[in-house]
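Working notes for the structure below.
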Amino acid sequence: MARISINLKSAKVRKRSNIIIGIDLGTTNSLVAYMKDGQPTAVRSKDGQRTLVPSIVHISENNQVVVGDEAKNDLIHSPERTIYSVKRLMGKSYTDLEEKKSMFAYEILDEDEDKLVKVKLGMRYFSPIELSAEILKALKQRIEDELDAEVTKAVITVPAYFNDTQRQATRDAGKLAGLDVLRIVNEPTAASLAYGVGVDRQLDEVVAVYDLGGGTFDVSILDIQDGVFEVLATNGDTFLGGDDLDKAILDHWMTEYEGIFTSNNLQVARLLAEEAKKHLSFNDTFKGAFEGHEIQLERNIYENLIRPLVQRTIDCCANAMKDAGLSAKDINKVIMVGGSTRVPLVQEMVSAYFGQQVSCELDPDEVVALGAAVQADVLAGNQKDVLLIDVTPLSLGIETIGGLMDTIIPRNSKVPINAGRNYTTSVDGQTNLKVSVFQGERDLVEHNRKLGEFILKGIPPMPAGIPKIEIHFILDADGILRVKAMETRSGTEQEIEIRSQYGVSEEEMALMLLESIKNAETDMKKRAVLEAKVEAKNIILSAKKFLKQNLSILTEEEIQNTKLLTLQLQSTVEGEDKDLINQAMEQLNKYTNPLAHRALDHNIATAMKGKKL
Ligand code: AMP
């Protein structure tokens, strides 16, 4: 069924596409990619020139928002209204940023120091989430223009070291841009996927992802087994990147060509330094002009200038490897990410450190977005043979008698997973069994989230406790849960499918976990009371049944005492005192035990009467 949506602003009628897009929301540049004719493809600007959208947002005097290349010039002309590197602020409070404040040209609001930071642009304050949403809107627009259809679903990448607040902030930015963020993916995971790592489930691999961007460096060591990506270690420097290479060149020129650089032309000079750097990635000499002067830089001089900076990234790699407890020979592949990995010296030094040729065949600026598109395509169900890569965020289980949660798949289990457990009936002659499926960490199902329920019908009537009912949870890699119930004696079977993956937002999830920790003690007490009650009710039923079947062999006193103790137990079940219930159960058990033995002897004797051995 095709959906039609109407953009109220332009009154344009657009189809809605089912494509899930992959977005790399970067510090310096962002881009969007999707699966086009079976290939992950980054979307270009209208003129077909560039896939990168600079992560720059300008708010004009009349509050118009300008994003990307068009906002680049504003960095020079009105820096106080133009923000770059907003990713550095995501999920951060003023206190987190105080030390680095001087590095930003824009003003950071310091009113409420522990709340998430806001940025002043012109007369208005913006949260980093709002500003990131503007970048995401521009990317959404770009792909909608390409497809001539509305897109609403996305996968967005974040650095592996992002904490929950930063991930949540990224998700919120997506929401604000009108995107349903199906998954937040680690950038190194996406980069690996783009290189096909993890696609063949037979291979166990350890990869190093080396990511040197415009302003940040990070390295991640990933262990990929059976389609599961595990981050073994990350390291890096959040203020080391291509900008520092530019600065090294500029510092060199400032001593070499004294007097031509002033505070007024510094920004333009910086752009020239970047141009020289890019040129020297493919040539031995750079020649340019600045303020009427000829300017030059040789590759060998440039490499000496930047060697200490590259060495710092190698030191980070060594630290990450140490944390992961690995040595260079354990690494199967080194994947290069970020525009600055085009620098030949970077490739050389990283290859030398890891003792192998690095993987840099894909465009290092696009590789993360391309991997995000692969992940998106898997989520869309288009790559049946690829398995991804998750753990269940919350436990999954069923309701057992007394409203208790019985966990079948514990939280943080790697998916796909198949787990099962046996149950039985609690009432004689029971022919139906309701299976209610829940998600959450609390002991009582009423505090967890119900995912669905079904009734296993047609159990042959048997005494309570005799039927053997197997319940199986099969959670596949896309988060789809199938629950199967089967009575094994009769073969009666029933099954439902539940999509649990997107049912709970990360926020709800965090809340549910928090609640479960806060309430662990009271939950445990409640569980103990409920369990005692269930046991007591079973004993009461058995005692009544026993009296009815054995009246003839019991004395009047025994009958009365058993009735009295049963009544006493009954009254404790009405209350909430676990110890009283247990005491009353013990008394009844103690008293009826010898009677039960006598009844058994009697029954055997009757059965054997007249039979000769
Ligand atoms: P990213 O944050 O990954 O988009 O990286 C952008 C950085 O890559 C900027 O510092 C660019 O100057 C740098 N960059 C892009 N192309 C090249 C190149 N050919 N040689 C060296 N650095 C480059």
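Lettering and numbering for the structure tokens are positional, with chains as A, B, ... in the shown order, residues counted from 1 in each chain, and ligands counted from 1 in the shown order.
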Find the nearest atom pair between each residue of chain A and ligand 1 for residues within 7 Å, count only C-alpha atoms and all ligand atoms, give distances in Å to one decimal, sort rows by chain and ascending number, and present the table as a Markdown table.
| residue | atom | partner | partner_atom_place_in_ligand_line | distance |
| --- | --- | --- | --- | --- |
| A:Gly26 | CA | ligand 1 | 2 (O) | 6.3 |
| A:Thr27 | CA | ligand 1 | 2 (O) | 5.8 |
| A:Thr28 | CA | ligand 1 | 2 (O) | 4.3 |
| A:Asn29 | CA | ligand 1 | 4 (O) | 4.5 |
| A:Leu212 | CA | ligand 1 | 3 (O) | 6.5 |
| A:Gly213 | CA | ligand 1 | 2 (O) | 3.6 |
| A:Gly214 | CA | ligand 1 | 10 (O) | 3.4 |
| A:Gly215 | CA | ligand 1 | 2 (O) | 6.4 |
| A:Gly241 | CA | ligand 1 | 10 (O) | 6.3 |
| A:Gly242 | CA | ligand 1 | 10 (O) | 3.4 |
| A:Asp243 | CA | ligand 1 | 10 (O) | 5.1 |
| A:Glu274 | CA | ligand 1 | 12 (O) | 5.5 |
| A:Lys277 | CA | ligand 1 | 21 (C) | 5.5 |
| A:Lys278 | CA | ligand 1 | 20 (N) | 3.7 |
| A:His279 | CA | ligand 1 | 19 (N) | 6.7 |
| A:Ser281 | CA | ligand 1 | 20 (N) | 5.0 |
| A:Val337 | CA | ligand 1 | 3 (O) | 6.9 |
| A:Gly338 | CA | ligand 1 | 3 (O) | 3.4 |
| A:Gly339 | CA | ligand 1 | 8 (O) | 3.2 |
| A:Ser340 | CA | ligand 1 | 22 (N) | 4.0 |
| A:Thr341 | CA | ligand 1 | 22 (N) | 6.8 |
| A:Arg342 | CA | ligand 1 | 20 (N) | 4.8 |
| A:Val343 | CA | ligand 1 | 21 (C) | 4.8 |
| A:Asp365 | CA | ligand 1 | 3 (O) | 5.1 |
Report task. Would you list, as a PyMOL selection string, the residues of segment 179-290 of chain A that end up in strand (DSSP E or B) under DSSP run on this structure's backbone? Result -> chain A and resi 180-186+205-212+217-225+228-237+285-290
Do you have, as CSV, the list of residues of segment 7-110 of chain A lying at most 8 Å from segment 136-157 of chain A, each with its nearest atom pair and that distance in Å to one decimal, counting only C-alpha atoms and ordered by chain then number?
residue,atom,partner,partner_atom,distance
A:Arg14,CA,A:Ala149,CA,5.3
A:Lys15,CA,A:Ala149,CA,4.9
A:Arg16,CA,A:Glu150,CA,4.5
A:Ser17,CA,A:Val151,CA,5.4
A:Asn18,CA,A:Val151,CA,7.1
A:Ile19,CA,A:Val151,CA,6.8
A:Ile20,CA,A:Lys153,CA,4.9
A:Ile21,CA,A:Ala154,CA,4.7
A:Gly22,CA,A:Val155,CA,4.9
A:Ile23,CA,A:Ile156,CA,4.8
A:Asp24,CA,A:Thr157,CA,5.4
A:Leu25,CA,A:Thr157,CA,6.6
A:Leu31,CA,A:Leu139,CA,6.7
A:Val32,CA,A:Leu139,CA,6.1
A:Val43,CA,A:Ile143,CA,6.5
A:Arg44,CA,A:Arg142,CA,7.8
A:Ser45,CA,A:Arg142,CA,7.0
A:Lys46,CA,A:Arg142,CA,7.9
A:Val53,CA,A:Leu139,CA,7.8
A:Val67,CA,A:Ala138,CA,6.8
Requested in this report: Compile the contact shell of Val368 of chain A as a list of chain:residue names: residues with an atom at most 8 Å away, counting only C-alpha atoms, same-chain residues fewer than 4 positions apart removed.
Outcome: A:Asp24, A:Thr157, A:Glu187, A:Pro188, A:Ala190, A:Ala191, A:Ala194, A:Val337, A:Pro364, A:Ala372
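Taking only C-alpha atoms into account, Ser542 of chain A lies nearest to A:Asp428 out of the set A:Asp443, A:Asp406, A:Asp428, A:Asp237.
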Report task. Extract the full set of helix (DSSP H, G or I) residues from segment 290-335 of chain A according to DSSP on the backbone, and format it as a PyMOL selection string. Result -> chain A and resi 299-324+328-330
Grab the residues selected above and save them as a PDB file, in the first residue's frame with N, CA and C atoms.
ATOM      1  N   ARG A 299      56.412  18.655   0.211  1.00  0.00           N
ATOM      2  CA  ARG A 299      55.838  17.509   0.910  1.00  0.00           C
ATOM      3  C   ARG A 299      56.695  17.031   2.093  1.00  0.00           C
ATOM      4  N   ASN A 300      58.030  16.980   1.911  1.00  0.00           N
ATOM      5  CA  ASN A 300      58.852  16.456   3.013  1.00  0.00           C
ATOM      6  C   ASN A 300      58.845  17.382   4.224  1.00  0.00           C
ATOM      7  N   ILE A 301      58.775  18.695   3.960  1.00  0.00           N
ATOM      8  CA  ILE A 301      58.712  19.647   5.083  1.00  0.00           C
ATOM      9  C   ILE A 301      57.367  19.492   5.805  1.00  0.00           C
ATOM     10  N   TYR A 302      56.324  19.411   5.002  1.00  0.00           N
ATOM     11  CA  TYR A 302      54.968  19.236   5.553  1.00  0.00           C
ATOM     12  C   TYR A 302      54.894  17.963   6.420  1.00  0.00           C
ATOM     13  N   GLU A 303      55.468  16.887   5.935  1.00  0.00           N
ATOM     14  CA  GLU A 303      55.401  15.632   6.687  1.00  0.00           C
ATOM     15  C   GLU A 303      56.144  15.726   8.015  1.00  0.00           C
ATOM     16  N   ASN A 304      57.248  16.451   8.002  1.00  0.00           N
ATOM     17  CA  ASN A 304      57.959  16.643   9.282  1.00  0.00           C
ATOM     18  C   ASN A 304      57.134  17.468  10.258  1.00  0.00           C
ATOM     19  N   LEU A 305      56.370  18.432   9.686  1.00  0.00           N
ATOM     20  CA  LEU A 305      55.529  19.275  10.544  1.00  0.00           C
ATOM     21  C   LEU A 305      54.434  18.450  11.239  1.00  0.00           C
ATOM     22  N   ILE A 306      53.878  17.502  10.492  1.00  0.00           N
ATOM     23  CA  ILE A 306      52.697  16.816  11.035  1.00  0.00           C
ATOM     24  C   ILE A 306      53.032  15.479  11.727  1.00  0.00           C
ATOM     25  N   ARG A 307      54.272  15.026  11.588  1.00  0.00           N
ATOM     26  CA  ARG A 307      54.647  13.714  12.156  1.00  0.00           C
ATOM     27  C   ARG A 307      54.301  13.588  13.653  1.00  0.00           C
ATOM     28  N   PRO A 308      54.633  14.620  14.464  1.00  0.00           N
ATOM     29  CA  PRO A 308      54.298  14.468  15.895  1.00  0.00           C
ATOM     30  C   PRO A 308      52.789  14.304  16.133  1.00  0.00           C
ATOM     31  N   LEU A 309      51.975  14.967  15.289  1.00  0.00           N
ATOM     32  CA  LEU A 309      50.516  14.854  15.447  1.00  0.00           C
ATOM     33  C   LEU A 309      50.056  13.439  15.118  1.00  0.00           C
ATOM     34  N   VAL A 310      50.596  12.896  14.017  1.00  0.00           N
ATOM     35  CA  VAL A 310      50.210  11.530  13.634  1.00  0.00           C
ATOM     36  C   VAL A 310      50.692  10.544  14.706  1.00  0.00           C
ATOM     37  N   GLN A 311      51.876  10.816  15.259  1.00  0.00           N
ATOM     38  CA  GLN A 311      52.406   9.931  16.306  1.00  0.00           C
ATOM     39  C   GLN A 311      51.443   9.877  17.498  1.00  0.00           C
ATOM     40  N   ARG A 312      50.804  11.024  17.777  1.00  0.00           N
ATOM     41  CA  ARG A 312      49.838  11.028  18.901  1.00  0.00           C
ATOM     42  C   ARG A 312      48.696  10.038  18.632  1.00  0.00           C
ATOM     43  N   THR A 313      48.268   9.943  17.367  1.00  0.00           N
ATOM     44  CA  THR A 313      47.182   8.988  17.066  1.00  0.00           C
ATOM     45  C   THR A 313      47.679   7.559  17.225  1.00  0.00           C
ATOM     46  N   ILE A 314      48.954   7.331  16.880  1.00  0.00           N
ATOM     47  CA  ILE A 314      49.531   5.978  17.022  1.00  0.00           C
ATOM     48  C   ILE A 314      49.597   5.611  18.513  1.00  0.00           C
ATOM     49  N   ASP A 315      49.944   6.595  19.346  1.00  0.00           N
ATOM     50  CA  ASP A 315      49.986   6.331  20.791  1.00  0.00           C
ATOM     51  C   ASP A 315      48.595   5.928  21.293  1.00  0.00           C
ATOM     52  N   CYS A 316      47.558   6.592  20.770  1.00  0.00           N
ATOM     53  CA  CYS A 316      46.176   6.230  21.158  1.00  0.00           C
ATOM     54  C   CYS A 316      45.878   4.787  20.732  1.00  0.00           C
ATOM     55  N   CYS A 317      46.335   4.412  19.519  1.00  0.00           N
ATOM     56  CA  CYS A 317      46.116   3.034  19.038  1.00  0.00           C
ATOM     57  C   CYS A 317      46.766   2.049  20.005  1.00  0.00           C
ATOM     58  N   ALA A 318      47.989   2.388  20.419  1.00  0.00           N
ATOM     59  CA  ALA A 318      48.716   1.491  21.328  1.00  0.00           C
ATOM     60  C   ALA A 318      47.935   1.345  22.636  1.00  0.00           C
ATOM     61  N   ASN A 319      47.386   2.456  23.123  1.00  0.00           N
ATOM     62  CA  ASN A 319      46.602   2.382  24.371  1.00  0.00           C
ATOM     63  C   ASN A 319      45.366   1.514  24.200  1.00  0.00           C
ATOM     64  N   ALA A 320      44.693   1.681  23.058  1.00  0.00           N
ATOM     65  CA  ALA A 320      43.471   0.893  22.822  1.00  0.00           C
ATOM     66  C   ALA A 320      43.817  -0.598  22.760  1.00  0.00           C
ATOM     67  N   MET A 321      44.931  -0.901  22.087  1.00  0.00           N
ATOM     68  CA  MET A 321      45.337  -2.304  21.956  1.00  0.00           C
ATOM     69  C   MET A 321      45.678  -2.884  23.318  1.00  0.00           C
ATOM     70  N   LYS A 322      46.294  -2.067  24.144  1.00  0.00           N
ATOM     71  CA  LYS A 322      46.654  -2.522  25.493  1.00  0.00           C
ATOM     72  C   LYS A 322      45.372  -2.820  26.280  1.00  0.00           C
ATOM     73  N   ASP A 323      44.408  -1.891  26.186  1.00  0.00           N
ATOM     74  CA  ASP A 323      43.136  -2.095  26.900  1.00  0.00           C
ATOM     75  C   ASP A 323      42.415  -3.345  26.409  1.00  0.00           C
ATOM     76  N   ALA A 324      42.526  -3.608  25.108  1.00  0.00           N
ATOM     77  CA  ALA A 324      41.831  -4.780  24.552  1.00  0.00           C
ATOM     78  C   ALA A 324      42.608  -6.063  24.842  1.00  0.00           C
ATOM     79  N   ALA A 328      49.400  -6.414  17.744  1.00  0.00           N
ATOM     80  CA  ALA A 328      49.123  -6.089  16.337  1.00  0.00           C
ATOM     81  C   ALA A 328      48.775  -7.326  15.505  1.00  0.00           C
ATOM     82  N   LYS A 329      49.394  -8.464  15.795  1.00  0.00           N
ATOM     83  CA  LYS A 329      49.164  -9.658  14.955  1.00  0.00           C
ATOM     84  C   LYS A 329      47.735 -10.222  15.133  1.00  0.00           C
ATOM     85  N   ASP A 330      47.057  -9.812  16.201  1.00  0.00           N
ATOM     86  CA  ASP A 330      45.681 -10.289  16.414  1.00  0.00           C
ATOM     87  C   ASP A 330      44.667  -9.557  15.533  1.00  0.00           C
TER      88      ASP A 330
END
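For the choices A:Asp377, A:Glu586, A:Asp172, A:Glu275, the atom-to-atom distance to Ser132 of chain A is smallest for A:Asp172 when using only C-alpha atoms.
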